[in-house]
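Colleague: my_file36.csv is reproduced below (CSV, C-alpha atoms).
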```
chain,number,residue,atom,x,y,z
A,1,MET,CA,-3.7,-23.2,58.7
A,2,THR,CA,-6.1,-25.5,56.9
A,3,SER,CA,-5.1,-28.2,54.5
A,4,THR,CA,-5.4,-26.4,51.1
A,5,ARG,CA,-2.9,-27.4,48.6
A,6,THR,CA,-1.3,-23.9,48.8
A,7,ALA,CA,-0.9,-24.3,52.6
A,8,GLU,CA,0.7,-27.7,52.2
A,9,GLU,CA,3.2,-26.4,49.7
A,10,ILE,CA,4.0,-23.4,52.0
A,11,ALA,CA,4.7,-25.9,54.9
A,12,SER,CA,7.1,-27.9,52.8
A,13,GLN,CA,9.6,-25.1,52.2
A,14,PRO,CA,12.2,-25.9,54.9
A,15,ALA,CA,12.6,-29.3,53.3
A,16,THR,CA,12.8,-28.0,49.8
A,17,TRP,CA,15.3,-25.3,50.7
A,18,ARG,CA,17.6,-27.9,52.3
A,19,GLN,CA,17.2,-30.1,49.2
A,20,SER,CA,18.2,-27.2,47.0
A,21,ALA,CA,21.5,-26.9,48.9
A,22,ARG,CA,22.1,-30.6,48.7
A,23,THR,CA,21.5,-30.8,45.0
A,24,LEU,CA,23.7,-27.7,44.2
A,25,PRO,CA,26.6,-29.7,42.6
A,26,ARG,CA,24.4,-31.0,39.8
A,27,HIS,CA,22.8,-27.6,39.1
A,28,VAL,CA,25.9,-25.4,39.2
A,29,THR,CA,26.4,-25.3,35.4
A,30,ALA,CA,23.2,-23.4,35.0
A,31,LEU,CA,24.3,-20.7,37.5
A,32,PRO,CA,26.5,-17.6,37.0
A,33,ARG,CA,30.3,-17.9,37.3
A,34,ARG,CA,32.0,-15.5,39.7
A,35,GLY,CA,33.0,-12.3,38.1
A,36,GLU,CA,30.6,-12.5,35.2
A,37,ARG,CA,28.2,-9.6,34.4
A,38,VAL,CA,24.8,-11.3,34.6
A,39,ALA,CA,21.2,-10.5,34.0
A,40,VAL,CA,18.4,-12.5,35.6
A,41,VAL,CA,14.9,-12.5,34.1
A,42,GLY,CA,11.5,-13.8,35.2
A,43,CYS,CA,7.8,-12.9,35.3
A,44,GLY,CA,5.7,-12.1,38.4
A,45,THR,CA,7.0,-13.9,41.4
A,46,SER,CA,10.1,-15.1,39.5
A,47,TRP,CA,11.0,-11.5,38.7
A,48,PHE,CA,10.8,-10.6,42.3
A,49,MET,CA,13.1,-13.5,43.2
A,50,ALA,CA,15.4,-12.3,40.5
A,51,LEU,CA,15.5,-8.9,42.1
A,52,ALA,CA,16.4,-10.4,45.4
A,53,TYR,CA,19.2,-12.6,43.9
A,54,ALA,CA,20.7,-9.8,41.9
A,55,GLU,CA,21.2,-7.7,45.0
A,56,LEU,CA,22.6,-10.6,47.0
A,57,ARG,CA,25.0,-11.6,44.2
A,58,GLU,CA,26.3,-8.1,43.6
A,59,SER,CA,26.5,-7.1,47.3
A,60,GLY,CA,28.4,-10.3,48.0
A,61,GLY,CA,31.1,-9.3,45.5
A,62,HIS,CA,30.2,-12.0,43.0
A,63,GLY,CA,29.7,-9.7,40.0
A,64,GLU,CA,27.5,-7.0,38.5
A,65,THR,CA,24.0,-8.3,38.3
A,66,ASP,CA,20.8,-6.9,36.9
A,67,ALA,CA,17.2,-8.2,37.1
A,68,PHE,CA,14.4,-7.6,34.7
A,69,ALA,CA,10.8,-8.6,34.0
A,70,ALA,CA,11.3,-10.7,30.9
A,71,SER,CA,9.1,-8.5,28.8
A,72,GLU,CA,11.4,-5.5,29.6
A,73,PHE,CA,14.8,-7.2,28.9
A,74,PRO,CA,17.2,-4.7,27.3
A,75,PHE,CA,18.7,-6.5,24.4
A,76,GLY,CA,21.1,-3.7,23.6
A,77,ARG,CA,23.1,-4.4,26.8
A,78,ARG,CA,26.0,-6.8,26.9
A,79,TYR,CA,26.0,-9.6,29.5
A,80,ASP,CA,28.3,-12.5,30.1
A,81,ARG,CA,25.4,-14.7,31.0
A,82,VAL,CA,21.6,-14.5,31.2
A,83,VAL,CA,19.6,-16.7,33.7
A,84,ALA,CA,15.9,-17.2,33.5
A,85,LEU,CA,13.5,-18.3,36.3
A,86,THR,CA,10.3,-20.0,35.1
A,87,ARG,CA,8.4,-22.5,37.3
A,88,SER,CA,6.3,-23.9,34.4
A,89,GLY,CA,9.0,-23.7,31.7
A,90,THR,CA,6.3,-22.3,29.4
A,91,THR,CA,6.1,-18.6,30.2
A,92,SER,CA,5.9,-16.9,26.9
A,93,GLU,CA,8.0,-13.8,27.7
A,94,VAL,CA,10.8,-15.8,29.2
A,95,LEU,CA,10.9,-18.2,26.3
A,96,ALA,CA,11.0,-15.2,23.9
A,97,VAL,CA,14.1,-13.8,25.6
A,98,LEU,CA,15.9,-17.2,25.6
A,99,SER,CA,15.0,-17.7,21.9
A,100,ARG,CA,16.3,-14.3,20.9
A,101,LEU,CA,19.5,-14.7,22.8
A,102,ARG,CA,20.2,-18.2,21.7
A,103,GLY,CA,23.7,-18.6,20.3
A,104,THR,CA,24.8,-15.0,21.2
A,105,VAL,CA,25.3,-15.3,25.0
A,106,PRO,CA,25.4,-18.2,27.4
A,107,THR,CA,22.1,-18.8,29.1
A,108,GLY,CA,20.8,-20.8,32.0
A,109,ALA,CA,17.4,-21.5,33.4
A,110,ILE,CA,15.8,-22.7,36.6
A,111,THR,CA,12.5,-24.5,36.2
A,112,ALA,CA,10.3,-27.1,37.9
A,113,ASP,CA,9.3,-29.1,34.8
A,114,PRO,CA,11.9,-31.0,32.7
A,115,THR,CA,9.4,-31.7,29.9
A,116,THR,CA,8.8,-28.1,28.8
A,117,PRO,CA,10.2,-25.8,26.0
A,118,VAL,CA,12.7,-24.1,28.3
A,119,MET,CA,14.8,-27.3,28.3
A,120,ASP,CA,15.6,-26.7,24.6
A,121,LEU,CA,16.0,-23.0,24.6
A,122,ALA,CA,18.5,-22.5,27.5
A,123,ASP,CA,22.1,-23.8,27.3
A,124,GLU,CA,22.0,-25.2,30.8
A,125,VAL,CA,18.9,-25.9,33.0
A,126,ALA,CA,18.6,-26.6,36.7
A,127,VAL,CA,15.5,-28.6,37.3
A,128,LEU,CA,14.0,-28.3,40.8
A,129,ASP,CA,11.2,-30.8,40.2
A,130,PHE,CA,11.1,-31.6,43.9
A,131,ALA,CA,9.8,-28.0,44.5
A,132,ASP,CA,7.2,-28.1,41.7
A,133,GLU,CA,3.7,-27.0,42.7
A,134,GLU,CA,0.1,-27.7,41.9
A,135,SER,CA,-1.0,-24.3,43.1
A,136,VAL,CA,-1.6,-21.4,40.8
A,137,VAL,CA,-0.2,-19.1,43.5
A,138,GLN,CA,3.6,-19.7,43.5
A,139,THR,CA,5.3,-20.2,46.9
A,140,ARG,CA,7.8,-23.0,47.4
A,141,PHE,CA,9.3,-23.1,43.9
A,142,ALA,CA,10.2,-19.4,44.0
A,143,THR,CA,11.8,-19.6,47.5
A,144,THR,CA,13.6,-22.8,46.6
A,145,ALA,CA,15.1,-21.2,43.5
A,146,LEU,CA,16.3,-18.3,45.7
A,147,SER,CA,17.7,-20.8,48.2
A,148,LEU,CA,19.6,-22.5,45.4
A,149,PHE,CA,21.1,-19.2,44.4
A,150,ARG,CA,22.0,-18.6,48.1
A,151,ALA,CA,23.6,-22.0,48.4
A,152,HIS,CA,25.7,-21.2,45.4
A,153,LEU,CA,26.8,-17.9,46.9
A,154,GLU,CA,27.5,-19.7,50.2
A,155,PHE,CA,29.6,-22.3,48.3
A,156,GLU,CA,31.6,-19.6,46.6
A,157,GLU,CA,32.1,-17.8,49.9
A,158,ALA,CA,30.3,-14.8,48.6
A,159,LEU,CA,27.4,-14.3,51.0
A,160,PRO,CA,26.8,-10.7,51.8
A,161,GLU,CA,27.7,-9.7,55.4
A,162,GLY,CA,25.1,-10.7,57.9
A,163,LEU,CA,23.3,-13.2,55.6
A,164,GLY,CA,22.8,-16.6,57.1
A,165,THR,CA,23.2,-20.0,55.5
A,166,VAL,CA,20.4,-21.9,53.8
A,167,GLU,CA,20.3,-24.2,56.7
A,168,GLU,CA,19.8,-21.3,59.1
A,169,ALA,CA,17.1,-19.9,56.9
A,170,ALA,CA,15.3,-23.3,56.9
A,171,ARG,CA,15.4,-23.5,60.7
A,172,ASP,CA,13.9,-20.0,60.8
A,173,ALA,CA,11.2,-21.0,58.3
A,174,GLU,CA,10.3,-23.8,60.7
A,175,GLN,CA,9.7,-21.2,63.4
A,176,ALA,CA,7.7,-19.1,60.9
A,177,LEU,CA,5.5,-22.1,60.3
A,178,ALA,CA,5.0,-22.9,64.0
A,179,SER,CA,4.3,-19.4,65.3
A,180,PRO,CA,0.7,-18.1,65.4
A,181,LEU,CA,-0.4,-15.2,63.3
A,182,ASP,CA,-1.2,-12.0,65.1
A,183,GLU,CA,-5.0,-11.4,65.0
A,184,ASN,CA,-4.5,-7.7,64.5
A,185,VAL,CA,-2.6,-8.4,61.4
A,186,ARG,CA,-4.9,-11.1,60.1
A,187,THR,CA,-7.9,-8.8,60.4
A,188,ALA,CA,-6.3,-5.7,59.0
A,189,GLU,CA,-7.9,-3.9,56.0
A,190,GLN,CA,-4.6,-2.8,54.3
A,191,PHE,CA,-1.0,-4.0,54.1
A,192,THR,CA,2.2,-2.2,53.2
A,193,PHE,CA,5.4,-4.3,52.8
A,194,LEU,CA,8.8,-2.7,53.1
A,195,GLY,CA,12.3,-4.0,52.3
A,196,SER,CA,15.8,-2.7,51.6
A,197,GLY,CA,18.5,-4.2,49.3
A,198,TRP,CA,17.6,-7.8,48.6
A,199,THR,CA,14.6,-7.8,50.8
A,200,TYR,CA,12.8,-5.3,48.6
A,201,GLY,CA,12.1,-8.2,46.2
A,202,LEU,CA,10.6,-10.1,49.1
A,203,ALA,CA,8.4,-7.1,50.0
A,204,LEU,CA,7.1,-7.0,46.4
A,205,GLU,CA,6.5,-10.7,46.5
A,206,ALA,CA,4.6,-10.5,49.9
A,207,GLY,CA,2.3,-7.9,48.4
A,208,LEU,CA,1.7,-10.0,45.3
A,209,LYS,CA,0.9,-13.1,47.4
A,210,MET,CA,-1.7,-11.2,49.4
A,211,ARG,CA,-3.3,-9.8,46.2
A,212,GLU,CA,-3.3,-13.2,44.4
A,213,ALA,CA,-4.6,-15.4,47.2
A,214,ALA,CA,-6.8,-13.0,49.1
A,215,GLY,CA,-7.6,-10.1,46.8
A,216,ALA,CA,-6.1,-7.9,49.6
A,217,TRP,CA,-5.2,-4.2,49.3
A,218,THR,CA,-1.4,-4.2,49.4
A,219,GLU,CA,1.5,-2.0,48.6
A,220,ALA,CA,5.2,-2.5,48.6
A,221,TYR,CA,8.1,0.0,48.7
A,222,PRO,CA,11.8,0.3,49.5
A,223,SER,CA,12.0,1.0,53.2
A,224,MET,CA,13.5,4.5,53.0
A,225,GLU,CA,10.8,5.5,50.5
A,226,TYR,CA,8.0,4.9,53.0
A,227,ARG,CA,8.3,8.4,54.4
A,228,HIS,CA,8.0,9.9,50.9
A,229,GLY,CA,4.3,9.5,50.6
A,230,PRO,CA,3.3,5.9,51.4
A,231,ILE,CA,3.1,6.6,55.1
A,232,SER,CA,0.0,8.7,54.4
A,233,ILE,CA,-2.0,5.5,54.0
A,234,THR,CA,-1.0,4.2,57.5
A,235,GLY,CA,-3.4,4.3,60.4
A,236,PRO,CA,-5.6,2.1,62.6
A,237,GLY,CA,-6.5,-1.2,61.0
A,238,ARG,CA,-3.6,-1.0,58.6
A,239,VAL,CA,-0.3,-3.0,58.7
A,240,THR,CA,3.3,-2.0,57.9
A,241,TRP,CA,5.4,-5.1,57.6
A,242,GLY,CA,9.2,-4.7,57.4
A,243,PHE,CA,11.5,-7.4,55.9
A,244,GLY,CA,14.8,-7.1,57.7
A,245,ALA,CA,15.9,-4.1,59.8
A,246,LEU,CA,13.8,-1.0,59.4
A,247,PRO,CA,15.4,2.5,59.1
A,248,VAL,CA,16.0,4.3,62.4
A,249,GLY,CA,12.9,6.0,63.6
A,250,LEU,CA,10.5,4.4,61.1
A,251,ALA,CA,8.9,2.1,63.7
A,252,ASP,CA,8.0,5.0,65.9
A,253,GLU,CA,6.5,6.9,63.0
A,254,VAL,CA,4.2,3.9,62.2
A,255,ARG,CA,3.0,3.6,65.8
A,256,LYS,CA,2.6,7.4,66.1
A,257,VAL,CA,-0.1,7.4,63.4
A,258,GLY,CA,-1.8,4.3,64.8
A,259,GLY,CA,-0.5,1.6,62.3
A,260,THR,CA,0.2,-2.0,63.3
A,261,LEU,CA,3.9,-2.7,62.8
A,262,VAL,CA,5.3,-6.2,62.0
A,263,GLU,CA,9.0,-6.8,62.5
A,264,SER,CA,10.9,-10.1,62.8
A,265,ASP,CA,14.4,-11.3,63.7
A,266,LEU,CA,13.9,-14.3,61.4
A,267,ASP,CA,15.9,-14.6,58.2
A,268,PRO,CA,13.9,-12.4,55.8
A,269,LEU,CA,13.2,-15.4,53.5
A,270,ALA,CA,11.7,-17.2,56.4
A,271,ASP,CA,9.7,-14.1,57.2
A,272,LEU,CA,8.2,-14.3,53.7
A,273,VAL,CA,6.8,-17.7,54.8
A,274,ARG,CA,4.8,-15.9,57.5
A,275,ALA,CA,3.5,-13.5,54.8
A,276,GLN,CA,2.5,-16.5,52.6
A,277,ARG,CA,0.6,-18.0,55.6
A,278,LEU,CA,-1.1,-14.7,56.2
A,279,ALA,CA,-2.3,-14.7,52.6
A,280,VAL,CA,-3.9,-18.1,53.0
A,281,ALA,CA,-5.5,-17.1,56.3
A,282,VAL,CA,-6.9,-13.9,55.0
A,283,ALA,CA,-8.2,-15.6,51.9
A,284,GLU,CA,-10.0,-18.2,54.1
A,285,ASP,CA,-11.4,-15.5,56.4
A,286,ARG,CA,-12.9,-13.8,53.3
A,287,GLY,CA,-14.5,-17.0,52.1
A,288,LEU,CA,-12.0,-17.5,49.3
A,289,ASN,CA,-10.1,-20.6,48.3
A,290,PRO,CA,-6.4,-19.7,47.8
A,291,ASP,CA,-6.1,-22.8,45.5
A,292,THR,CA,-8.3,-21.1,42.9
A,293,PRO,CA,-7.4,-17.4,42.8
A,294,ARG,CA,-9.5,-15.1,40.7
A,295,ASN,CA,-8.4,-14.3,37.1
A,296,LEU,CA,-5.1,-16.3,37.3
A,297,THR,CA,-3.7,-19.3,35.6
A,298,ARG,CA,-0.6,-21.3,36.6
A,299,SER,CA,1.4,-20.1,33.6
A,300,VAL,CA,0.9,-17.3,31.2
A,301,VAL,CA,1.2,-18.6,27.6
A,302,LEU,CA,0.6,-16.1,24.9
A,303,THR,CA,0.0,-16.8,21.2
A,304,ASP,CA,2.2,-14.0,19.9
A,305,VAL,CA,5.1,-12.6,21.9
A,306,ARG,CA,7.9,-10.6,20.3
A,307,ALA,CA,10.6,-9.8,22.8
```
Please lay out the structure from this file as structure tokens.
Modeller:
Amino acid sequence: MTSTRTAEEIASQPATWRQSARTLPRHVTALPRRGERVAVVGCGTSWFMALAYAELRESGGHGETDAFAASEFPFGRRYDRVVALTRSGTTSEVLAVLSRLRGTVPTGAITADPTTPVMDLADEVAVLDFADEESVVQTRFATTALSLFRAHLEFEEALPEGLGTVEEAARDAEQALASPLDENVRTAEQFTFLGSGWTYGLALEAGLKMREAAGAWTEAYPSMEYRHGPISITGPGRVTWGFGALPVGLADEVRKVGGTLVESDLDPLADLVRAQRLAVAVAEDRGLNPDTPRNLTRSVVLTDVRA
């Protein structure tokens, strides 16, 4: 991996994940309480992390949890708490949700910048400034926010069965950073990412990273949905990447039609680090700079947003 700013931020993730766990005590007031009915909102990558957390929280018995793109938040539903993810603290749709909810339901936010409007709109804010990024393409802030959520579930003894600790995920991430990328994967023309439960959010995020950084042809689906149409795209020169365990028989089906299968025993969040590395490598192979992705800005700020 070359020394682009995006690559450097990807490589820093084991350290920022560990720091998120260490700083949990000072951030806990911005996080949901056990038993609360909670909604989590975000845009883009933050929305996908919200999807992953919602499944982890609910499957761990912590409480009913929904996740929404901020622009699609259902204001007619009743929640005990709403939590927003926003790296920049300036994302228009997120701020619109917090503004409209202000004074009607407790709100929390996780951000990287303590000088932005989200600090005034949310009741409680967790500032992960140590995970802030210069890159347009978001990597470490998103995974560090999800690590903070995981650390909180771990502290509350509400981790879903089979999910490791943040420290275990960080050690796996170090392996993900050290292992070489498969040349057959790096040179593929198309990528389909699959996940189930909380890892579906990771699959969506992996697809987004490849599109943002490398302009790659990617798709993402729940693992069991793969047979219901998406497998038709699979073949030689095309990759199917599973986050977590794949459904029985699916690996054989991928190989039967000539696709390249990617599986891993790593913590799925650490496996996302491999996908981030792949996005940078493919971008560079195509003569692109992942630090300056096409048509993107670091934060989407709109002049008129009505939630």
Colleague: Which residues are near region 216-221 of chain A? Cut-off 6 Å, only C-alpha atoms, ignore same chain within fewer than 6 positions. Put them as JSON, numbers by chain.
Modeller: {"A": [190, 191, 192, 193, 194, 203, 204, 207, 210]}
Colleague: With C-alpha atoms kept, could you save the residues just selected as a tab-separated table (two decimals), in the coordinates of the input?
Modeller:
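Below is the file out34.tsv, written as the result:
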```tsv
chain	number	residue	atom	x	y	z
A	190	GLN	CA	-4.60	-2.80	54.30
A	191	PHE	CA	-1.00	-4.00	54.10
A	192	THR	CA	2.20	-2.20	53.20
A	193	PHE	CA	5.40	-4.30	52.80
A	194	LEU	CA	8.80	-2.70	53.10
A	203	ALA	CA	8.40	-7.10	50.00
A	204	LEU	CA	7.10	-7.00	46.40
A	207	GLY	CA	2.30	-7.90	48.40
A	210	MET	CA	-1.70	-11.20	49.40
```
Colleague: Quick one: everything within 8 Å of Val82 (chain A), counting all atoms listed in the file, minus sequence neighbours fewer than 6 positions away in the same chain. Send it as a VMD selection string.
Modeller: chain A and resid 38 to 41 105 to 108
Colleague: Residues at most 10 Å from Phe149 (chain A), counting all atoms listed in the file, excluding those fewer than 3 positions away in the same chain, as a PDB file with C-alpha atoms, keeping the file's coordinate frame?
Modeller:
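Written output follows (result.pdb):
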```pdb
ATOM      1  CA  SER A  20      18.200 -27.200  47.000  1.00  0.00           C
ATOM      2  CA  ALA A  21      21.500 -26.900  48.900  1.00  0.00           C
ATOM      3  CA  LEU A  24      23.700 -27.700  44.200  1.00  0.00           C
ATOM      4  CA  VAL A  28      25.900 -25.400  39.200  1.00  0.00           C
ATOM      5  CA  LEU A  31      24.300 -20.700  37.500  1.00  0.00           C
ATOM      6  CA  PRO A  32      26.500 -17.600  37.000  1.00  0.00           C
ATOM      7  CA  MET A  49      13.100 -13.500  43.200  1.00  0.00           C
ATOM      8  CA  ALA A  50      15.400 -12.300  40.500  1.00  0.00           C
ATOM      9  CA  TYR A  53      19.200 -12.600  43.900  1.00  0.00           C
ATOM     10  CA  ALA A  54      20.700  -9.800  41.900  1.00  0.00           C
ATOM     11  CA  LEU A  56      22.600 -10.600  47.000  1.00  0.00           C
ATOM     12  CA  ARG A  57      25.000 -11.600  44.200  1.00  0.00           C
ATOM     13  CA  THR A 143      11.800 -19.600  47.500  1.00  0.00           C
ATOM     14  CA  THR A 144      13.600 -22.800  46.600  1.00  0.00           C
ATOM     15  CA  ALA A 145      15.100 -21.200  43.500  1.00  0.00           C
ATOM     16  CA  LEU A 146      16.300 -18.300  45.700  1.00  0.00           C
ATOM     17  CA  HIS A 152      25.700 -21.200  45.400  1.00  0.00           C
ATOM     18  CA  LEU A 153      26.800 -17.900  46.900  1.00  0.00           C
ATOM     19  CA  GLU A 154      27.500 -19.700  50.200  1.00  0.00           C
ATOM     20  CA  PHE A 155      29.600 -22.300  48.300  1.00  0.00           C
ATOM     21  CA  VAL A 166      20.400 -21.900  53.800  1.00  0.00           C
TER      22      VAL A 166
END
```
Colleague: Which residues come within 9 Å of Leu261 (chain A), counting only C-alpha atoms, excluding same-chain residues fewer than 5 positions away, as an MDAnalysis selection string?
Modeller: chainID A and resid 185 238:242 251 254:255
Colleague: For a quick check of your reading of the model, name the residues lying within 10 Å of the coordinate (20.0, -15.5, 53.4), counting only C-alpha atoms, and write them as a ChimeraX atom specification.
Modeller: /A:53,56,146-147,149-151,153-154,159-170,198-199,267-270
Colleague: Using Å and a single decimal, report how far CA of Ala7 (chain A) sits from CA of Ser46 (chain A).
Modeller: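 Atom-to-atom, CA of Ser46 (chain A) to CA of Ala7 (chain A), that is 19.4 Å.
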Colleague: Which residue gives the smallest distance to Thr115 (chain A) among A:Arg87, A:His228, A:Arg18, A:Arg33, with all atoms listed in the file counted?
Modeller: A:Arg87
Colleague: To one decimal place in Å, what is the distance between CA of Ala245 (chain A) and CA of Val280 (chain A)?
Modeller: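 That distance, rounded to one decimal, is 25.2 Å.
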Colleague: If we count all atoms listed in the file, what is near Phe75 (chain A) at a cut-off of 12 Å, once residues fewer than 4 positions away on the same chain are taken out, given as a ChimeraX atom specification?
Modeller: /A:39,68,70-71,79,82,96-98,100-101,104-105,307
Colleague: When you count all atoms listed in the file, which of these residues is closest to Leu51 (chain A): A:Ala188, A:Ala142, A:Ala178, A:Ile10?
Modeller: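 Using all atoms listed in the file, the shortest distance to Leu51 (chain A) belongs to A:Ala142.
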Colleague: For the atom pair CA of Pro222 (chain A) and CA of Gly201 (chain A), what is the interatomic distance in Å to one decimal place?
Modeller: 9.1 Å
Colleague: Here is a test: counting all atoms listed in the file, which residue of A:Thr6, A:Ala11, A:Thr29, A:Glu93 is nearest to Cys43 (chain A)?
Modeller: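 Smallest separation from Cys43 (chain A) among the options: A:Glu93.
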Colleague: Using all atoms listed in the file, can you tell me which of A:Glu58, A:Glu212, A:Asp132, A:Glu72 comes closest to Gly89 (chain A)?
Modeller: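 Once distances to Gly89 (chain A) are computed over all atoms listed in the file, the minimum belongs to A:Asp132.
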Colleague: Please check which residues have atoms at most 9 Å from (4.1, -18.3, 45.3) in the file's coordinates, counting all atoms listed in the file, and write them as an mmCIF file with C-alpha atoms, in the coordinates of the input.
Modeller:
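What ended up in part-v5.cif:
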```
data_model
loop_
_atom_site.group_PDB
_atom_site.id
_atom_site.type_symbol
_atom_site.label_atom_id
_atom_site.label_comp_id
_atom_site.auth_asym_id
_atom_site.auth_seq_id
_atom_site.Cartn_x
_atom_site.Cartn_y
_atom_site.Cartn_z
ATOM 1 C CA THR A 6 -1.300 -23.900 48.800
ATOM 2 C CA ILE A 10 4.000 -23.400 52.000
ATOM 3 C CA THR A 45 7.000 -13.900 41.400
ATOM 4 C CA SER A 46 10.100 -15.100 39.500
ATOM 5 C CA SER A 135 -1.000 -24.300 43.100
ATOM 6 C CA VAL A 136 -1.600 -21.400 40.800
ATOM 7 C CA VAL A 137 -0.200 -19.100 43.500
ATOM 8 C CA GLN A 138 3.600 -19.700 43.500
ATOM 9 C CA THR A 139 5.300 -20.200 46.900
ATOM 10 C CA ARG A 140 7.800 -23.000 47.400
ATOM 11 C CA PHE A 141 9.300 -23.100 43.900
ATOM 12 C CA ALA A 142 10.200 -19.400 44.000
ATOM 13 C CA THR A 143 11.800 -19.600 47.500
ATOM 14 C CA GLU A 205 6.500 -10.700 46.500
ATOM 15 C CA LEU A 208 1.700 -10.000 45.300
ATOM 16 C CA LYS A 209 0.900 -13.100 47.400
ATOM 17 C CA GLN A 276 2.500 -16.500 52.600
#
```
Colleague: Using all atoms listed in the file, which residue out of A:Glu189, A:Asp182, A:Glu225, A:Glu133 lies closest to Leu278 (chain A)?
Modeller: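 Answer, going by the shortest atom-to-atom distance: A:Asp182.
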